[in-house]
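The block underneath contains the structure these notes are about, expressed in structure tokens.
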Amino acid sequence: MSARAVQTTRECLHLIGGRWVPSASGQTFEDRNPANAADVVATFPVGGREEATAAVEAAAAAYPAWSHEAPNRRAAVLLRAAAVLRGRLEEVTRDFVREEGKPITEARAEVLRAAEVLEYFAGEAPRMSGETLPSSRPGVFLYTLRRPLGVVGVITPWNFPIAIPAWKIAPALACGNTVVFKPASQAPLSGWYLAQALHEAGLPAGVLNLVTGPGGAVGGTIIDHPAVRAISFTGSTEIGTRVYQAGSQRTARVQCEMGGKNPLVVLADADLDLAVRLAVEGAFSGTGQKCTATSRVIVERPVHDAFLRRLVEATRALVVGDPLDERTFVGPTVDEAQMAKVLEYVEIGRREGAELLCGGTRLTEGDLGRGYFVAPAVFAGVRPEMRIAREEIFGPVVGVMPAEDFDDAVALANQTQFGLSASIVTGSLARAHAFTERVEAGLVMVNLPTVGVEYQAPFGGTKASGTAFKEQGKAAVEFYTETRTVALRPAGA
Ligand code: NAP
């Protein structure tokens, strides 16, 4: 296994006020390789209230100058940071794979995505436009300005450890805000590389601050701090709901992107090869650890058995193994606790009466025993009331459910508290269109997998998957700015 060859441990620090600093307590935590638990990829300081408060204060101090910086100069920093990331593509990618376990082809694409996001929002910096309106009062010039908010808090999950920080931090900075960033403790190194790239690119001291440590202490301090005007959070629905309540209570602007239970609907007229490819990609890429992962496949009865047979064949053929190997499709789950959770759901599914057709066991053969690998699992006979149909598993497990007809398929798709992504496989334009209208999801795909987003389009869920503000594209600029209405009458007019 090539993971064995790479054993260097990086010692990382917080970035506060433009300086790399340890924690006041001197304590550190380890960032370990889920494909090889003995490999310590990096160590990070255990931050807490003290460091998070210092970071907010540094961001507040840096805000006046950064918010008045010329947009083309803000853009130039983002472009230079993108160039730094591109220049370090392989180093960042390998460490990303080591800390998170995402297969290398996907991890490399995600690092490139982060660079593209920086470039895209560099382009947005000079486009923060307002509007002019006819005033009812003679001689009055009525217009709007977009202004940054101030200090914003960014709290991110481990499963897209560089793309999500990039798509939150880049627009925040482009719009003239300053940032306090807290990455997930299971995979903080990729986000640290992003902060390092921005620091090296010449971001002024305090404009971006990074604090690592436990979510409650570091994240909680950011959320409660009165100087933090907005919070952008991505993570579980459980934590996100609390973040939303705490932030909103003190009238901070809060954006939460949360869990999913995403359906792929396969109609009887679907191209079954395509349907199987989409199901496999949606359910098992990223080891199923994507908020947009397909976790329910709803199949019209006439093609149900044929689809299921092919899906199981394709799943059994997947290459599970070393995520640093370019041929690997499914890597390890992110840590032992996540693996235990996935295996527990497999047990729950069995007890509930679903039929496990393949996978669902820990893989321990050879080098796999050093990590947290689970064979990709397909359940048949899943019913909507089962926990495996209702709760987010966040691993390589998919459940297949039969549908009587299109209406039944849509009803099943919507029978969930979540509403992130939904897809349909069909040759019928009419059905595809009806699906886009009737399914309850923030992202709707037709003949495409439930996974996969583009940074120029708004991204976000509905129901328990997300709060009102969307991310990415122009929506990000709306979140990170506020509109100021100006009525101006020149003296003497
Ligand atoms: P998580 O446990 O909710 O943690 C997310 C972030 O919140 C981490 O940085 C975490 O820090 C921090 N945190 C934990 N407790 C906190 C608290 N009390 N106050 C403030 N921050 C706190 O989620 P995860 O396990 O990292 O990520 C997986 C989840 O993210 C899944 O549910 C997935 O669906 C969701 N997700 C959603 C999207 C989307 O766009 N909708 C995208 C990706 C992932 P620690 O790591 O230190 O605990």
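Simple scheme: letters A, B, ... for chains in structure tokens order, numbers from 1 for residues in each chain, numbers from 1 for ligands in the order shown.
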
With a cut-off of 9 Å, could you pull out the residues of chain A touching ligand 1 and give me the nearest pair of atoms for each, distance in Å to one decimal, using only C-alpha atoms and all ligand atoms, ordered by chain and ascending number, as CSV?
residue,atom,partner,partner_atom_place_in_ligand_line,distance
A:Val154,CA,ligand 1,9 (O),8.8
A:Ile155,CA,ligand 1,9 (O),5.1
A:Thr156,CA,ligand 1,9 (O),4.6
A:Pro157,CA,ligand 1,26 (O),3.4
A:Trp158,CA,ligand 1,26 (O),4.7
A:Asn159,CA,ligand 1,43 (C),6.0
A:Phe160,CA,ligand 1,43 (C),6.2
A:Pro161,CA,ligand 1,43 (C),8.9
A:Ile164,CA,ligand 1,42 (C),7.4
A:Lys182,CA,ligand 1,9 (O),5.9
A:Pro183,CA,ligand 1,9 (O),4.8
A:Ala184,CA,ligand 1,9 (O),3.4
A:Ser185,CA,ligand 1,46 (O),3.8
A:Gln186,CA,ligand 1,46 (O),5.8
A:Ala187,CA,ligand 1,46 (O),7.9
A:Pro188,CA,ligand 1,46 (O),8.4
A:Thr212,CA,ligand 1,47 (O),7.5
A:Gly213,CA,ligand 1,47 (O),5.6
A:Pro214,CA,ligand 1,47 (O),3.9
A:Gly215,CA,ligand 1,11 (O),3.5
A:Gly216,CA,ligand 1,18 (N),3.8
A:Ala217,CA,ligand 1,19 (N),7.2
A:Val218,CA,ligand 1,20 (C),7.1
A:Gly219,CA,ligand 1,20 (C),3.7
A:Gly220,CA,ligand 1,19 (N),4.4
A:Thr221,CA,ligand 1,20 (C),8.0
A:Ile222,CA,ligand 1,20 (C),7.9
A:Ile223,CA,ligand 1,20 (C),6.9
A:Phe233,CA,ligand 1,7 (O),7.0
A:Thr234,CA,ligand 1,37 (C),5.3
A:Gly235,CA,ligand 1,30 (O),3.1
A:Ser236,CA,ligand 1,32 (O),3.3
A:Thr237,CA,ligand 1,32 (O),6.0
A:Glu238,CA,ligand 1,3 (O),6.6
A:Ile239,CA,ligand 1,3 (O),4.7
A:Gly240,CA,ligand 1,3 (O),6.2
A:Arg242,CA,ligand 1,18 (N),7.2
A:Val243,CA,ligand 1,19 (N),6.0
A:Cys256,CA,ligand 1,41 (N),7.6
A:Glu257,CA,ligand 1,41 (N),3.9
A:Met258,CA,ligand 1,41 (N),4.0
A:Gly259,CA,ligand 1,34 (O),3.3
A:Gly260,CA,ligand 1,34 (O),5.3
A:Lys261,CA,ligand 1,34 (O),8.4
A:Gln289,CA,ligand 1,33 (C),7.4
A:Lys290,CA,ligand 1,43 (C),5.9
A:Cys291,CA,ligand 1,34 (O),3.6
A:Thr292,CA,ligand 1,41 (N),7.2
A:Ala293,CA,ligand 1,34 (O),8.5
A:Gln338,CA,ligand 1,25 (O),8.7
A:Glu392,CA,ligand 1,32 (O),6.9
A:Ile393,CA,ligand 1,32 (O),8.5
A:Phe394,CA,ligand 1,31 (C),6.7
A:Leu420,CA,ligand 1,41 (N),6.6
A:Phe459,CA,ligand 1,40 (O),7.5
A:Gly460,CA,ligand 1,40 (O),6.0
A:Gly461,CA,ligand 1,41 (N),6.2
A:Ser465,CA,ligand 1,41 (N),5.9
A:Gly466,CA,ligand 1,41 (N),6.5
A:Glu471,CA,ligand 1,40 (O),8.5

Hey, could you make a per-residue contact list for stretch 63-131 of chain A against stretch 306-325 of chain A with 8 Å as the cut-off, showing the nearest pair of atoms and its distance in Å to one decimal, counting only C-alpha atoms, sorted by chain and number, as CSV?
residue,atom,partner,partner_atom,distance
A:Arg94,CA,A:Leu324,CA,7.2
A:Val97,CA,A:Pro323,CA,6.5
A:Arg98,CA,A:Leu324,CA,7.8
A:Gly101,CA,A:Pro323,CA,5.8
A:Lys102,CA,A:Pro323,CA,6.0
A:Pro103,CA,A:Pro323,CA,4.1
A:Ile104,CA,A:Leu324,CA,5.3

All strand (DSSP E) positions in stretch 134-283 of chain A, as a PyMOL selection string
chain A and resi 141-148+151-155+178-182+208-210+228-234+253-257+262-266

Please, could you write that set of residues out with N, CA and C atoms as a tab-separated table (two decimals), in the first residue's frame?
chain	number	residue	atom	x	y	z
A	141	PHE	N	-31.29	61.47	-6.00
A	141	PHE	CA	-30.65	60.33	-6.65
A	141	PHE	C	-30.79	59.14	-5.70
A	142	LEU	N	-31.53	58.11	-6.15
A	142	LEU	CA	-31.86	56.98	-5.29
A	142	LEU	C	-31.13	55.73	-5.81
A	143	TYR	N	-30.33	55.14	-4.98
A	143	TYR	CA	-29.56	53.97	-5.43
A	143	TYR	C	-29.23	53.05	-4.27
A	144	THR	N	-28.73	51.87	-4.60
A	144	THR	CA	-28.32	50.93	-3.54
A	144	THR	C	-26.84	50.60	-3.68
A	145	LEU	N	-26.26	50.29	-2.54
A	145	LEU	CA	-24.86	49.86	-2.47
A	145	LEU	C	-24.84	48.49	-1.83
A	146	ARG	N	-23.90	47.66	-2.23
A	146	ARG	CA	-23.67	46.41	-1.52
A	146	ARG	C	-22.50	46.60	-0.59
A	147	ARG	N	-22.70	46.36	0.67
A	147	ARG	CA	-21.61	46.51	1.63
A	147	ARG	C	-21.31	45.17	2.29
A	148	PRO	N	-20.04	44.92	2.60
A	148	PRO	CA	-19.73	43.68	3.36
A	148	PRO	C	-20.37	43.74	4.74
A	151	VAL	N	-17.15	40.87	10.38
A	151	VAL	CA	-16.46	39.61	10.68
A	151	VAL	C	-17.45	38.47	10.44
A	152	VAL	N	-17.03	37.46	9.71
A	152	VAL	CA	-17.90	36.29	9.52
A	152	VAL	C	-17.19	35.04	10.04
A	153	GLY	N	-17.98	34.13	10.59
A	153	GLY	CA	-17.46	32.85	11.09
A	153	GLY	C	-17.75	31.77	10.07
A	154	VAL	N	-16.76	30.94	9.81
A	154	VAL	CA	-16.90	29.84	8.84
A	154	VAL	C	-16.58	28.53	9.56
A	155	ILE	N	-17.56	27.64	9.60
A	155	ILE	CA	-17.40	26.35	10.31
A	155	ILE	C	-17.70	25.23	9.31
A	178	THR	N	-14.00	40.05	6.83
A	178	THR	CA	-12.88	39.32	7.40
A	178	THR	C	-13.43	38.06	8.06
A	179	VAL	N	-12.56	37.05	8.22
A	179	VAL	CA	-13.05	35.70	8.50
A	179	VAL	C	-12.34	35.06	9.69
A	180	VAL	N	-13.14	34.33	10.49
A	180	VAL	CA	-12.59	33.39	11.46
A	180	VAL	C	-13.06	32.00	11.02
A	181	PHE	N	-12.11	31.14	10.74
A	181	PHE	CA	-12.39	29.84	10.13
A	181	PHE	C	-12.04	28.73	11.12
A	182	LYS	N	-13.04	27.85	11.34
A	182	LYS	CA	-12.80	26.68	12.18
A	182	LYS	C	-13.08	25.41	11.35
A	208	LEU	N	-7.91	36.79	7.46
A	208	LEU	CA	-8.36	35.40	7.62
A	208	LEU	C	-7.64	34.82	8.83
A	209	ASN	N	-8.42	34.27	9.73
A	209	ASN	CA	-7.86	33.64	10.92
A	209	ASN	C	-8.35	32.21	10.98
A	210	LEU	N	-7.46	31.31	11.37
A	210	LEU	CA	-7.81	29.89	11.45
A	210	LEU	C	-7.59	29.42	12.89
A	228	VAL	N	-19.25	38.99	15.58
A	228	VAL	CA	-19.39	38.14	14.39
A	228	VAL	C	-20.77	38.40	13.79
A	229	ARG	N	-20.79	38.98	12.60
A	229	ARG	CA	-22.05	39.42	11.99
A	229	ARG	C	-22.78	38.30	11.24
A	230	ALA	N	-21.99	37.30	10.80
A	230	ALA	CA	-22.62	36.21	10.04
A	230	ALA	C	-21.86	34.92	10.28
A	231	ILE	N	-22.60	33.81	10.15
A	231	ILE	CA	-21.98	32.49	10.33
A	231	ILE	C	-22.37	31.63	9.15
A	232	SER	N	-21.37	31.03	8.51
A	232	SER	CA	-21.65	30.07	7.46
A	232	SER	C	-21.20	28.71	7.96
A	233	PHE	N	-22.15	27.82	8.10
A	233	PHE	CA	-21.89	26.49	8.69
A	233	PHE	C	-22.27	25.41	7.70
A	234	THR	N	-21.44	24.39	7.58
A	234	THR	CA	-21.86	23.16	6.90
A	234	THR	C	-21.53	22.00	7.81
A	253	ARG	N	-26.57	36.86	10.92
A	253	ARG	CA	-27.04	36.20	9.69
A	253	ARG	C	-26.44	34.79	9.69
A	254	VAL	N	-27.28	33.77	9.50
A	254	VAL	CA	-26.77	32.39	9.60
A	254	VAL	C	-27.17	31.58	8.37
A	255	GLN	N	-26.18	30.91	7.83
A	255	GLN	CA	-26.40	30.02	6.69
A	255	GLN	C	-25.97	28.63	7.15
A	256	CYS	N	-26.87	27.65	7.06
A	256	CYS	CA	-26.52	26.29	7.45
A	256	CYS	C	-26.83	25.31	6.32
A	257	GLU	N	-25.81	24.60	5.87
A	257	GLU	CA	-26.02	23.50	4.93
A	257	GLU	C	-25.82	22.21	5.71
A	262	ASN	N	-30.65	11.48	-0.03
A	262	ASN	CA	-31.00	11.85	-1.41
A	262	ASN	C	-31.50	10.69	-2.26
A	263	PRO	N	-32.64	10.90	-2.94
A	263	PRO	CA	-33.21	9.84	-3.77
A	263	PRO	C	-32.76	9.92	-5.24
A	264	LEU	N	-32.56	8.75	-5.82
A	264	LEU	CA	-32.40	8.63	-7.28
A	264	LEU	C	-33.61	7.84	-7.75
A	265	VAL	N	-34.42	8.44	-8.61
A	265	VAL	CA	-35.63	7.77	-9.10
A	265	VAL	C	-35.32	7.18	-10.49
A	266	VAL	N	-35.60	5.89	-10.64
A	266	VAL	CA	-35.36	5.22	-11.92
A	266	VAL	C	-36.72	4.83	-12.49

Please return, as a VMD selection string, all residues of stretch 261-394 of chain A that DSSP assigns to alpha helix (DSSP H) on the basis of the backbone.
chain A and resid 272 to 284 301 to 316 336 to 352 387 to 390

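If you look at atom CA of A:Val207 and atom CA of A:Ala62, they are 5.6 Å away from each other.
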
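The coordinates place atom CA of A:Gly452 at 14.1 Å from atom CA of A:Arg277.
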
Extract, using only C-alpha atoms, all DNA, RNA and protein residues at most 10 Å from stretch 72-89 of chain A, discarding same-chain residues fewer than 2 positions from it, and format them as a PyMOL selection string.
chain A and resi 66-70+91-94+108-109+111-126+170-171+173-176+193-204
